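Colleague: Mind looking over this structure? Questions follow.
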2 protein chains.
Amino acid sequence: MWVGRRVAELPTPAFVVDEAVARRNAERMLQRCGALGLRLRPHMKTHKTLEGGELMTGGTRRGIVVSTLAEARFFAAGGFDDILYAYPLPFDKLEECAVLAQRLEAFQVLVDSRDALAQLRRRRLAHGVRWLVWMKLDCGNGRAGLRHTDPSALELARAIAQEAPEEVALAGIYAHCGNTYGCSGMQEIQAVAQATTAATLEFMGTLQEAGVTCPASSIGSTPSCSHPVADMGRLTEVHPGNYIFYDLQQVTIGSCQLEDVAVRVLTRVIGHYPHRNQLLVDCGWAGLSLHGLGQLPTGYALIEGHPDLKLVGMTQEHGRVEPVVGALDFSEFPLGSLLALIPYHACATAAMHPVYYIHAEGKVVATWKPVRGW
Amino acid sequence: MWVGRRVAELPTPAFVVDEAVARRNAERMLQRCGALGLRLRPHMKTHKTLEGGELMTGGTRRGIVVSTLAEARFFAAGGFDDILYAYPLPFDKLEECAVLAQRLEAFQVLVDSRDALAQLRRRRLAHGVRWLVWMKLDCGNGRAGLRHTDPSALELARAIAQEAPEEVALAGIYAHCGNTYGCSGMQEIQAVAQATTAATLEFMGTLQEAGVTCPASSIGSTPSCSHPVADMGRLTEVHPGNYIFYDLQQVTIGSCQLEDVAVRVLTRVIGHYPHRNQLLVDCGWAGLSLHGLGQLPTGYALIEGHPDLKLVGMTQEHGRVEPVVGALDFSEFPLGSLLALIPYHACATAAMHPVYYIHAEGKVVATWKPVRGW
């Protein structure tokens with residue numbers, strides 16, 4: 001019902017995506033990976049929409065990463081295949097994983113423990129179908145995965161590859177360089193990307209020496225894949241996700257420029273409070289998330305075209321705006337007028353919205369509906 | 001599909017509500033208000049479900065507050081009436097407000113400016129139907145509303161009541177004592193409740209002296225209504241919301257005891273990382289929100305039965321857990337085992353879940369589906 005109308009007519013708060021910018025982000029990442037001879041396996045977690053997946057795969061709908069089973073089901077139902085559920089195998093969801101593994105050409109799971117492998121072995125798939133298993137390596141990020149220097153990493157990879165070759169196959173080695181989120185600038189990002197790549201390649205060498213066949217290796221994060229190092233070309237694939245939208249966090253890290261951020265939350269002025277030099281807007285944490293808290297000189301977000309304003313307070317449905325310094329000129333912001341918030345963390349902001357409004361030069365051209373839940 | 005099964009079987013992360021506790025919270029608030037001779041107009045923003053509204057209204061489905069138009073439409077479609085959309089009138093939603101005002105017995109809006117009143121007057125309702133308007137008073141909370149000491153508050157109330165009595169009626173005066181959220185303990189809560197009540201009653205007196213008829217006055221917040229002061233009985237109604245669930249924030253403020261918190265996020269252990277003394281659980285900010293950040297000695301939440309554990313890190317779908325002090329006994333938490341997170345802010349956590357699992361003594365008895373969006 002909104003297609004064809006101006007974004008300025010949308011009820012607020014509204015999550016809007018500049019189609020041209022998102023498309024450019026998607027294409028540049030494909031080109032960047034192509035130039036390195038790397039396969040791009042984009043992560044769906046930021047947008048969780050079929051349309052976003054279509055853009056990020058260059059229309060193939062093949063080769064994606066998801067982080068929830070709900071996403072896996074949703075993308076499978078939407079015609080996607082070669083889906084890697086890159087999450088430490090959740091035992092409560094084993095049966096549903098088996099269903100997907102038997103239905104798709106390639107539904108792949110991830111493990112980082114003997115226990116998880118044992119779970120897979122206890123749930124044998126139909127004759128001729130094997131569990132396609134990636135092993136998670138922790139190359140310094142400190143979340144999931146076995147440390148690449150830990151002898152048990154080789155042992156587990158060997159077990160996946162060789163213990164029951166008719167039931168389970170080692171599909172690849174997976175590392176997430178989430179530690180790039182602590183970086184500032186390209187040099188630091190590339191240092192982490194290089195370290196993660198080197199650790200992964202070293203582990204791939206160890207596997208080869210040990211006679212463990214492993215066809216794929218993948219690392220990823222939006223910062224590292226926005227500024228890849230040459231050695232990443234020696235991996236088989238990468239799996240960034242946020243880059244389709246980017247956000248202020250990525251700008252701050254140095255992954256992209258402000259003009260690359262494809263998303264905004266549109267909000268309207270709903271109150272003038274001259275005695276405390278504040279405006280009220282109709283976007284609170286329910287429309288933005290609290291992820292910007294303490295991260296920006298302009299508060300929870302950046303208000304487009306108004307770097308002199310600060311989003312200082314967020315309750316569920318209200319946002320308080322005041323000038324960084326000086327007195328606010330209220331006549332510039334009449335009640336009902338529109339402001340555009342550039343979010344700090346696009347994944348978190350997108351998660352608050354049941355619909356995204358996609359626009360071309362300010363005109364709504366589509367609505368995307370993300371999957372939620374687990 | 002989950003009704004009749006144990007909550008321990010639910011796929012995680014799962015938002016679970018103890019029905020008996022929620023019902024007790026709802027009943028106690030009704031009793032507390034009844035004892036004061038106060039009408040309870042519960043706020044729906046925390047749960048946003050028809051079933052929660054049913055409990056909070058004691059089954060009448062009459063007399064509620066909502067903070068989004070989506071909630072207003074949803075509750076109206078669900079058979080609720082006497083709905084107060086207690087949000088500074090958003091000009092982009094005026095037409096939909098008019099539709100509801102003409103369809104329901106009592107759909108009420110809120111204003112705090114002449115501009116908003118002018119908007120209402122420009123959109124005349126059908127013959128015989130008047131805009132039912134509450135005026136928002138700021139009694140020290142510092143968000144929306146006219147300060148009760150500001151002469152323009154009386155002027156606006158008079159204009160609402162008298163400017164066009166066939167088109168617009170002054171239905172009530174509304175104040176939110178959100179400043180109780182900065183309190184610690186009953187004494188501080190009651191001091192704020194008393195100040196807000198006194199300011200509101202003083203303003204009602206001013207209206208009466210000025211010959212402005214106003215049938216209702218309402219203040220509210222879960223802390224103040226959990227520990228009401230006697231003078232609140234001189235108001236006509238109150239409008240708390242969070243109390244149906246309560247949460248750790250309310251425990252910290254002093255609104256309730258830990259046993260009154262009706263909600264948990266169930267999560268499972270998905271990884272053991274002895275080298276860094278950490279567990280990984282399958283709940284990240286997508287299942288909990290980041291609202292607990294920096295608020296609790298146990299991190300982002302309290303892990304039920306394990307006050308010695310700390311939820312130290314949250315990414316989208318992963319939570320990192322470690323002991324507050326000492327070494328973790330991993331054998332106590334096998335992969336796949338269940339933990340229950342008590343959330344810091346139930347409104348924010350509920351907002352992350354497309355379905356709530358309602359249980360009686362650990363058995364799922366219903367699922368509630370909240371409305372989202374705006």
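Chain labels follow the order of the structure tokens: the first chain is A, the next B, and so on; residue numbering restarts at 1 in every chain, and ligands are counted from 1 in their shown order.
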Can you check which residues of chain B have any atom within 8 Å of chain A? Use only C-alpha atoms and format it as a PyMOL selection string.
Modeller: chain B and resi 9+11-13+67-68+88-93+112-113+115+143-144+268+270-271+280+282+286+290-291+316-317+320+335-336+348+351-354+372-374
Colleague: I want to know what sits within 12 Å of Gly34 (chain B), based on only C-alpha atoms, with residues of the same chain fewer than 3 positions away left out; could you give that as a list in words?
Modeller: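 What passes the distance filter is Glu27, Arg28, Met29, Leu30, Gln31, Gly37, Leu38, Arg39, Leu40, Arg41, Gly58, Cys225, Pro228, Met232, Gly233, Thr236, Glu237 and Val238 of chain B.
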Colleague: Generate a file of the selected residues that holds C-alpha atoms, formatted as a tab-separated table (two decimals), in the first residue's frame.
Modeller:
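Below you can see out.tsv, which holds the result:
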```tsv
chain	number	residue	atom	x	y	z
B	27	GLU	CA	-5.01	-8.85	40.47
B	28	ARG	CA	-2.96	-7.12	43.13
B	29	MET	CA	-2.87	-3.94	41.11
B	30	LEU	CA	-6.65	-4.09	40.61
B	31	GLN	CA	-7.12	-4.62	44.36
B	37	GLY	CA	-11.20	4.06	45.00
B	38	LEU	CA	-9.11	4.55	41.88
B	39	ARG	CA	-9.91	3.27	38.45
B	40	LEU	CA	-7.02	1.27	36.95
B	41	ARG	CA	-6.39	2.01	33.27
B	58	GLY	CA	-9.91	-8.00	35.07
B	225	CYS	CA	1.36	2.40	41.53
B	228	PRO	CA	0.68	4.25	46.02
B	232	MET	CA	-3.56	9.15	44.78
B	233	GLY	CA	-7.08	8.18	45.86
B	236	THR	CA	-9.72	9.38	39.18
B	237	GLU	CA	-7.36	6.81	37.72
B	238	VAL	CA	-3.82	5.48	37.29
```
Colleague: Enumerate, as a PyMOL selection string, the complete set of residues in region 36-149 of chain A that a backbone-based DSSP assignment places in strand (DSSP E).
Modeller: chain A and resi 39-40+62-66+81-88+107-111+131-138+146-147
Colleague: Identify all residues of region 127-373 of chain A in alpha helix (DSSP H) (DSSP on the backbone) and supply them as a VMD selection string.
Modeller: chain A and resid 151 to 162 186 to 209 222 to 226 248 to 253 285 to 288 346 to 350
Colleague: Name the closest residue to Arg264 (chain A) among the candidates A:Arg24, A:His359, A:His239, A:Arg122; distances are taken between atoms, counting only C-alpha atoms.
Modeller: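 Smallest separation from Arg264 (chain A) among the options: A:His359.
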Colleague: Can you tell me which residues surround Phe107 (chain B) at a distance of at most 8 Å, considering only C-alpha atoms, apart from same-chain residues fewer than 2 positions away, and format the answer as a PyMOL selection string?
Modeller: chain B and resi 81-85+100-101+104-105+109+132
Colleague: Export C-alpha atoms of the chosen residues as an mmCIF file, in the first residue's frame?
Modeller:
```
data_model
loop_
_atom_site.group_PDB
_atom_site.id
_atom_site.type_symbol
_atom_site.label_atom_id
_atom_site.label_comp_id
_atom_site.auth_asym_id
_atom_site.auth_seq_id
_atom_site.Cartn_x
_atom_site.Cartn_y
_atom_site.Cartn_z
ATOM 1 C CA ASP B 81 -12.796 -0.126 24.072
ATOM 2 C CA ASP B 82 -12.225 3.019 26.102
ATOM 3 C CA ILE B 83 -8.728 3.191 24.679
ATOM 4 C CA LEU B 84 -6.481 6.120 25.496
ATOM 5 C CA TYR B 85 -3.729 6.641 22.942
ATOM 6 C CA LEU B 100 -10.961 4.859 15.585
ATOM 7 C CA ALA B 101 -12.678 7.810 17.265
ATOM 8 C CA LEU B 104 -15.197 3.025 19.196
ATOM 9 C CA GLU B 105 -17.314 4.172 22.074
ATOM 10 C CA VAL B 109 -6.107 11.093 22.244
ATOM 11 C CA LEU B 132 -11.985 13.046 23.474
#
```
Colleague: For Thr57 (chain B), please output as a compact mmCIF listing (two decimals) with N, CA and C atoms, in the first residue's frame all residues within 9 Å (counting only C-alpha atoms; exclusion window: fewer than 2 positions along the same chain).
Modeller:
```txt
# COMPACT_ATOMS: atom_id res chain seq x y z
N ALA B 26 -1.45 -8.78 38.20
CA ALA B 26 -2.60 -8.05 37.65
C ALA B 26 -3.68 -7.87 38.73
N LEU B 30 -5.20 -4.39 40.61
CA LEU B 30 -6.65 -4.09 40.61
C LEU B 30 -7.14 -3.86 42.05
N LEU B 40 -8.30 1.67 37.54
CA LEU B 40 -7.02 1.27 36.95
C LEU B 40 -7.19 1.23 35.43
N ARG B 41 -6.40 2.04 34.74
CA ARG B 41 -6.39 2.01 33.27
C ARG B 41 -5.01 1.49 32.86
N PRO B 42 -4.86 0.19 32.77
CA PRO B 42 -3.52 -0.38 32.55
C PRO B 42 -2.93 -0.03 31.19
N GLY B 52 -2.88 -10.38 27.71
CA GLY B 52 -2.36 -9.57 28.80
C GLY B 52 -3.34 -8.46 29.16
N GLY B 53 -3.96 -7.89 28.13
CA GLY B 53 -4.95 -6.84 28.37
C GLY B 53 -6.17 -7.37 29.11
N GLU B 54 -6.56 -8.57 28.76
CA GLU B 54 -7.67 -9.24 29.45
C GLU B 54 -7.37 -9.38 30.95
N LEU B 55 -6.18 -9.87 31.26
CA LEU B 55 -5.78 -10.03 32.66
C LEU B 55 -5.77 -8.69 33.39
N GLY B 59 -10.74 -8.71 32.91
CA GLY B 59 -11.71 -9.32 32.00
C GLY B 59 -12.68 -8.36 31.34
N THR B 60 -12.65 -7.08 31.72
CA THR B 60 -13.64 -6.15 31.14
C THR B 60 -13.28 -5.72 29.72
N ARG B 61 -11.97 -5.73 29.40
CA ARG B 61 -11.50 -5.20 28.11
C ARG B 61 -11.91 -3.73 27.92
N ARG B 62 -12.06 -3.04 28.99
CA ARG B 62 -12.43 -1.62 28.94
C ARG B 62 -11.44 -0.80 29.75
N GLY B 63 -11.02 0.33 29.18
CA GLY B 63 -10.17 1.23 29.94
C GLY B 63 -8.71 0.85 29.88
N ILE B 64 -8.06 1.12 28.75
CA ILE B 64 -6.63 0.81 28.63
C ILE B 64 -5.88 2.02 28.06
```
Colleague: Using Å and a single decimal, report how far CA of Ile253 (chain B) sits from CA of Tyr356 (chain B).
Modeller: 25.3 Å
